[in-house]
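Take a look at the structure below.
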Amino acid sequence: MGKLDRKRIVLKIGSNVLTKGTDHISRGKIEDIARQIAALNNTYEFIIVSSGAIAAAKQFVQLEGKEVTVKQALASIGQPHLMRIYQENFRELGLLTSQCLLSYSDFEKEQAKTNIVNTINVLVENNYIPIINENDTVATDEIKFGDNDKLAALTAELVKADILLIATNTDGIYTKASIQNNEMETITSITDVAQLGQEIFGSVSKHGTGGMATKIEAATIAQNAGIDTWIVNGMKDEFIKNSVNDDVNFTKITTA
Ligand SMILES: Nc1ncnc2c1ncn2[C@@H]1O[C@H](COP(=O)(O)OP(=O)(O)O)[C@@H](O)[C@H]1O
Ligand SMILES: N[C@@H](CCC(=O)OP(=O)(O)O)C(=O)O
């Protein structure tokens with residue numbers, strides 16, 4: 001397969017996956033992601049949407065208070081550390097990385113959208129992997145409501161991705177009944193995204209903010225743009241490779 005035929009994956013990685021549920025960014029997880037991207041590089045091109053700035057900061061500093069402004073300051077402290085960890089681990093495998101900080105309001109302005117897509121395309125053409133996070137200094141949407149799920153979906157739409165792959169800490173979306181019975185059963189494939197809303201059970205995990213609701217919202221945006229969303233367990237090693245090869249249980253939200 002030639003480079004031009006590669007499928008484009010927007011890969012969203014949340015703080016839970018990046019910390020493997022602990023209090024610090026897991027270099028092992030970032031290495032795992034880098035290894036998989038290096039292995040799949042001929043068939044897929046990757047654009048990453050990564051949370052983890054606040055989690056990275058907490059390794060180095062404790063700031064008083066729980067207000068949004070404190071979280072914004074933490075994100076500002078942690079973002080360069082997060083990018084350093086990505087850069088160090090990806091470089092080891094010959095992968096080049098770059099940083100893009102975006103906010104929702106950017107997706108409402110035609111000129112900004114054109115600038116984003118042009119920049120990302122030049123980066124990808126030159127073998128740089130864009131690593132996107134919300135610009136938490138100017139916007140508080142993700143810190144308050146969300147995980148970067150919706151930002152990832154808007155990015156996937158803008159860059160005409162083939163797949164929006166959301167890495168989380170469950171084997172995709174389970175049926176509500178199976179969670180209640182404690183025998184988790186993954187919904188493997190579904191088109192009716194509205195029906196998924198009824199399967200939400202409980203709220204969020206340790207570092208999470210949006211829970212399954214924001215993932216379903218993201219999948220709706222992606223579906224309307226003709227993009228499949230895969231919700232995959234990023235806590236497990238080789239989760240990208242295994243989902244591409246259909247070797248693990250995960251949820252595929254398909255377009256009609
Ligand atoms: N039907 C469901 N199937 C799986 N997880 C669900 C479901 N409903 C709610 N959840 C919750 O959503 C969480 C994942 O979202 P979140 O905590 O925001 O993590 P992330 O940081 O990966 O975005 C799960 O750990 C679980 O607590
Ligand atoms: N921009 C913030 C996002 C925080 C967030 O809640 O996202 P997530 O870890 O996806 O639930 C950060 O990088 O820490």
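How things are named: the first chain in the structure tokens is A, the next is B, and so on; residues count from 1 in each chain; ligands count from 1 in the order shown.
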Checklist entry - Residues at most 9 Å from ligand 1, using only C-alpha atoms and all ligand atoms? Could they come as a PyMOL selection string? => result chain A and resi 12-18+51+146-149+166-179+184-187+196-215+233-234
Go ahead and dump the residues you just picked, C-alpha atoms, as a PDB file, in the first residue's frame.
ATOM      1  CA  LYS A  12      -7.984  10.027  21.298  1.00  0.00           C
ATOM      2  CA  ILE A  13      -6.106   9.087  24.450  1.00  0.00           C
ATOM      3  CA  GLY A  14      -7.574  10.126  27.803  1.00  0.00           C
ATOM      4  CA  SER A  15      -5.774  10.769  31.088  1.00  0.00           C
ATOM      5  CA  ASN A  16      -6.898   7.412  32.469  1.00  0.00           C
ATOM      6  CA  VAL A  17      -5.163   5.503  29.721  1.00  0.00           C
ATOM      7  CA  LEU A  18      -2.054   7.691  29.847  1.00  0.00           C
ATOM      8  CA  SER A  51      -5.276  14.657  27.352  1.00  0.00           C
ATOM      9  CA  GLY A 146     -15.423  16.885  29.086  1.00  0.00           C
ATOM     10  CA  ASP A 147     -12.789  14.716  28.103  1.00  0.00           C
ATOM     11  CA  ASN A 148     -11.229  15.554  24.789  1.00  0.00           C
ATOM     12  CA  ASP A 149     -13.739  13.222  23.111  1.00  0.00           C
ATOM     13  CA  ILE A 166     -11.221   6.541  21.339  1.00  0.00           C
ATOM     14  CA  ALA A 167      -9.005   4.763  23.855  1.00  0.00           C
ATOM     15  CA  THR A 168     -10.616   4.399  27.264  1.00  0.00           C
ATOM     16  CA  ASN A 169     -10.524   2.035  30.244  1.00  0.00           C
ATOM     17  CA  THR A 170     -13.298  -0.420  29.298  1.00  0.00           C
ATOM     18  CA  ASP A 171     -13.612  -2.954  26.461  1.00  0.00           C
ATOM     19  CA  GLY A 172     -15.847  -0.490  24.626  1.00  0.00           C
ATOM     20  CA  ILE A 173     -19.443   0.186  25.621  1.00  0.00           C
ATOM     21  CA  TYR A 174     -21.066  -2.540  27.707  1.00  0.00           C
ATOM     22  CA  THR A 175     -24.776  -3.215  27.821  1.00  0.00           C
ATOM     23  CA  LYS A 176     -26.323  -1.608  30.889  1.00  0.00           C
ATOM     24  CA  ALA A 177     -27.839  -4.933  31.949  1.00  0.00           C
ATOM     25  CA  SER A 178     -24.451  -6.646  31.833  1.00  0.00           C
ATOM     26  CA  ILE A 179     -22.886  -3.944  34.036  1.00  0.00           C
ATOM     27  CA  MET A 184     -19.612  -7.004  31.226  1.00  0.00           C
ATOM     28  CA  GLU A 185     -20.766  -7.643  27.672  1.00  0.00           C
ATOM     29  CA  THR A 186     -19.431  -5.374  24.935  1.00  0.00           C
ATOM     30  CA  ILE A 187     -21.726  -3.992  22.253  1.00  0.00           C
ATOM     31  CA  LEU A 196     -26.352   3.832  22.958  1.00  0.00           C
ATOM     32  CA  GLY A 197     -27.357   6.677  25.269  1.00  0.00           C
ATOM     33  CA  GLN A 198     -29.588   4.240  27.114  1.00  0.00           C
ATOM     34  CA  GLU A 199     -26.628   2.011  27.985  1.00  0.00           C
ATOM     35  CA  ILE A 200     -24.773   4.642  30.047  1.00  0.00           C
ATOM     36  CA  PHE A 201     -24.353   3.411  33.581  1.00  0.00           C
ATOM     37  CA  GLY A 202     -22.559   5.171  36.424  1.00  0.00           C
ATOM     38  CA  SER A 203     -20.445   8.195  35.710  1.00  0.00           C
ATOM     39  CA  VAL A 204     -16.724   8.414  35.172  1.00  0.00           C
ATOM     40  CA  SER A 205     -13.538   6.705  36.258  1.00  0.00           C
ATOM     41  CA  LYS A 206     -10.631   8.045  38.367  1.00  0.00           C
ATOM     42  CA  HIS A 207      -9.139  10.687  36.022  1.00  0.00           C
ATOM     43  CA  GLY A 208     -12.101  10.815  33.643  1.00  0.00           C
ATOM     44  CA  THR A 209     -14.460  13.736  33.249  1.00  0.00           C
ATOM     45  CA  GLY A 210     -16.993  12.961  30.543  1.00  0.00           C
ATOM     46  CA  GLY A 211     -17.689   9.241  30.974  1.00  0.00           C
ATOM     47  CA  MET A 212     -19.381   7.336  28.151  1.00  0.00           C
ATOM     48  CA  ALA A 213     -21.792  10.204  27.444  1.00  0.00           C
ATOM     49  CA  THR A 214     -19.141  12.384  25.769  1.00  0.00           C
ATOM     50  CA  LYS A 215     -17.887   9.392  23.781  1.00  0.00           C
ATOM     51  CA  ASN A 233      -9.642  -0.498  25.858  1.00  0.00           C
ATOM     52  CA  GLY A 234      -6.440   1.527  25.796  1.00  0.00           C
TER      53      GLY A 234
END
Checklist entry - DSSP says helix (DSSP H, G or I) for which residues of segment 23-139 of chain A? Put them as a PyMOL selection string? => result chain A and resi 27-40+53-57+68-92+104-108+110-125
Put those residues in a file: C-alpha atoms, as a tab-separated table (two decimals), in the first residue's frame.
chain	number	residue	atom	x	y	z
A	27	ARG	CA	6.03	6.08	29.98
A	28	GLY	CA	5.27	2.40	29.34
A	29	LYS	CA	1.87	3.27	27.87
A	30	ILE	CA	3.33	5.99	25.67
A	31	GLU	CA	6.01	3.54	24.51
A	32	ASP	CA	3.29	0.97	23.77
A	33	ILE	CA	1.42	3.52	21.64
A	34	ALA	CA	4.63	4.55	19.84
A	35	ARG	CA	5.54	0.93	19.07
A	36	GLN	CA	2.13	0.27	17.56
A	37	ILE	CA	2.14	3.44	15.48
A	38	ALA	CA	5.61	2.54	14.19
A	39	ALA	CA	4.40	-0.96	13.29
A	40	LEU	CA	1.25	0.29	11.53
A	53	ALA	CA	-1.54	17.81	30.79
A	54	ILE	CA	-3.12	18.17	34.23
A	55	ALA	CA	-2.09	14.65	35.22
A	56	ALA	CA	1.49	15.38	34.08
A	57	ALA	CA	1.63	18.59	36.16
A	68	VAL	CA	-11.03	25.90	37.03
A	69	THR	CA	-8.28	28.56	36.98
A	70	VAL	CA	-6.07	26.24	39.08
A	71	LYS	CA	-6.70	23.43	36.60
A	72	GLN	CA	-5.83	25.80	33.75
A	73	ALA	CA	-2.56	26.65	35.48
A	74	LEU	CA	-1.84	22.94	36.01
A	75	ALA	CA	-2.52	22.25	32.33
A	76	SER	CA	-0.08	25.01	31.40
A	77	ILE	CA	2.60	23.50	33.66
A	78	GLY	CA	1.96	19.92	32.55
A	79	GLN	CA	1.56	20.34	28.78
A	80	PRO	CA	5.30	20.82	28.02
A	81	HIS	CA	6.15	17.86	30.26
A	82	LEU	CA	3.55	15.74	28.49
A	83	MET	CA	4.96	16.68	25.08
A	84	ARG	CA	8.51	15.98	26.28
A	85	ILE	CA	7.50	12.47	27.33
A	86	TYR	CA	5.82	11.87	23.95
A	87	GLN	CA	8.78	13.27	22.07
A	88	GLU	CA	11.36	11.21	23.98
A	89	ASN	CA	9.50	7.94	23.54
A	90	PHE	CA	8.39	8.46	19.94
A	91	ARG	CA	11.87	9.63	18.83
A	92	GLU	CA	13.36	6.35	20.08
A	104	TYR	CA	-13.93	24.52	20.36
A	105	SER	CA	-14.38	28.09	19.26
A	106	ASP	CA	-11.72	27.45	16.59
A	107	PHE	CA	-14.13	25.00	14.97
A	108	GLU	CA	-16.75	27.74	14.59
A	110	GLU	CA	-14.04	29.15	8.78
A	111	GLN	CA	-10.58	30.74	8.58
A	112	ALA	CA	-9.38	28.99	11.73
A	113	LYS	CA	-10.68	25.64	10.41
A	114	THR	CA	-8.83	26.12	7.14
A	115	ASN	CA	-5.65	26.99	9.04
A	116	ILE	CA	-5.96	23.93	11.28
A	117	VAL	CA	-6.49	21.50	8.45
A	118	ASN	CA	-3.71	23.00	6.32
A	119	THR	CA	-1.23	22.85	9.21
A	120	ILE	CA	-2.14	19.27	10.07
A	121	ASN	CA	-1.85	18.18	6.44
A	122	VAL	CA	1.63	19.70	6.09
A	123	LEU	CA	2.70	18.02	9.33
A	124	VAL	CA	1.43	14.61	8.22
A	125	GLU	CA	2.91	14.96	4.71
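Counting from atom CA of Ala139 of chain A, the distance to atom CA of Thr229 of chain A is 25.3 Å.
Between atom CA of His24 of chain A and atom CA of Gln59 of chain A the separation is 5.9 Å.
Compared by their closest atoms to ligand 2, and using only C-alpha atoms and all ligand atoms, the residues A:Asp23, A:Asn41, A:Asn182, A:Asn135 rank with A:Asn135 nearest.
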Checklist entry - Separation of atom CA of Ala219 of chain A and atom CA of Glu238 of chain A, in Å? => result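 Pair atom CA of Ala219 of chain A / atom CA of Glu238 of chain A returns 22.5 Å.
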Next on the checklist: So that I can check the secondary structure, give me every residue of segment 13-244 of chain A assigned strand (DSSP E) by backbone DSSP, as a count of residues only.
Outcome noted: 36
Checklist outcome for this item: Of A:Ile25, A:Ile240, A:Ile9, A:Ile163, the one nearest to ligand 2 when counting only C-alpha atoms and all ligand atoms is A:Ile25
Checklist entry - Quick one: of A:Met235, A:Ile190, A:Ala152, A:Val244, who's nearest to ligand 2, counting only C-alpha atoms and all ligand atoms? => result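 Residue with the minimum atom-to-atom distance to ligand 2: A:Ala152.
Proximity of A:Asp228, A:Glu157, A:Asp136, A:Asp247 to ligand 2, computed with only C-alpha atoms and all ligand atoms, is greatest for A:Asp136.
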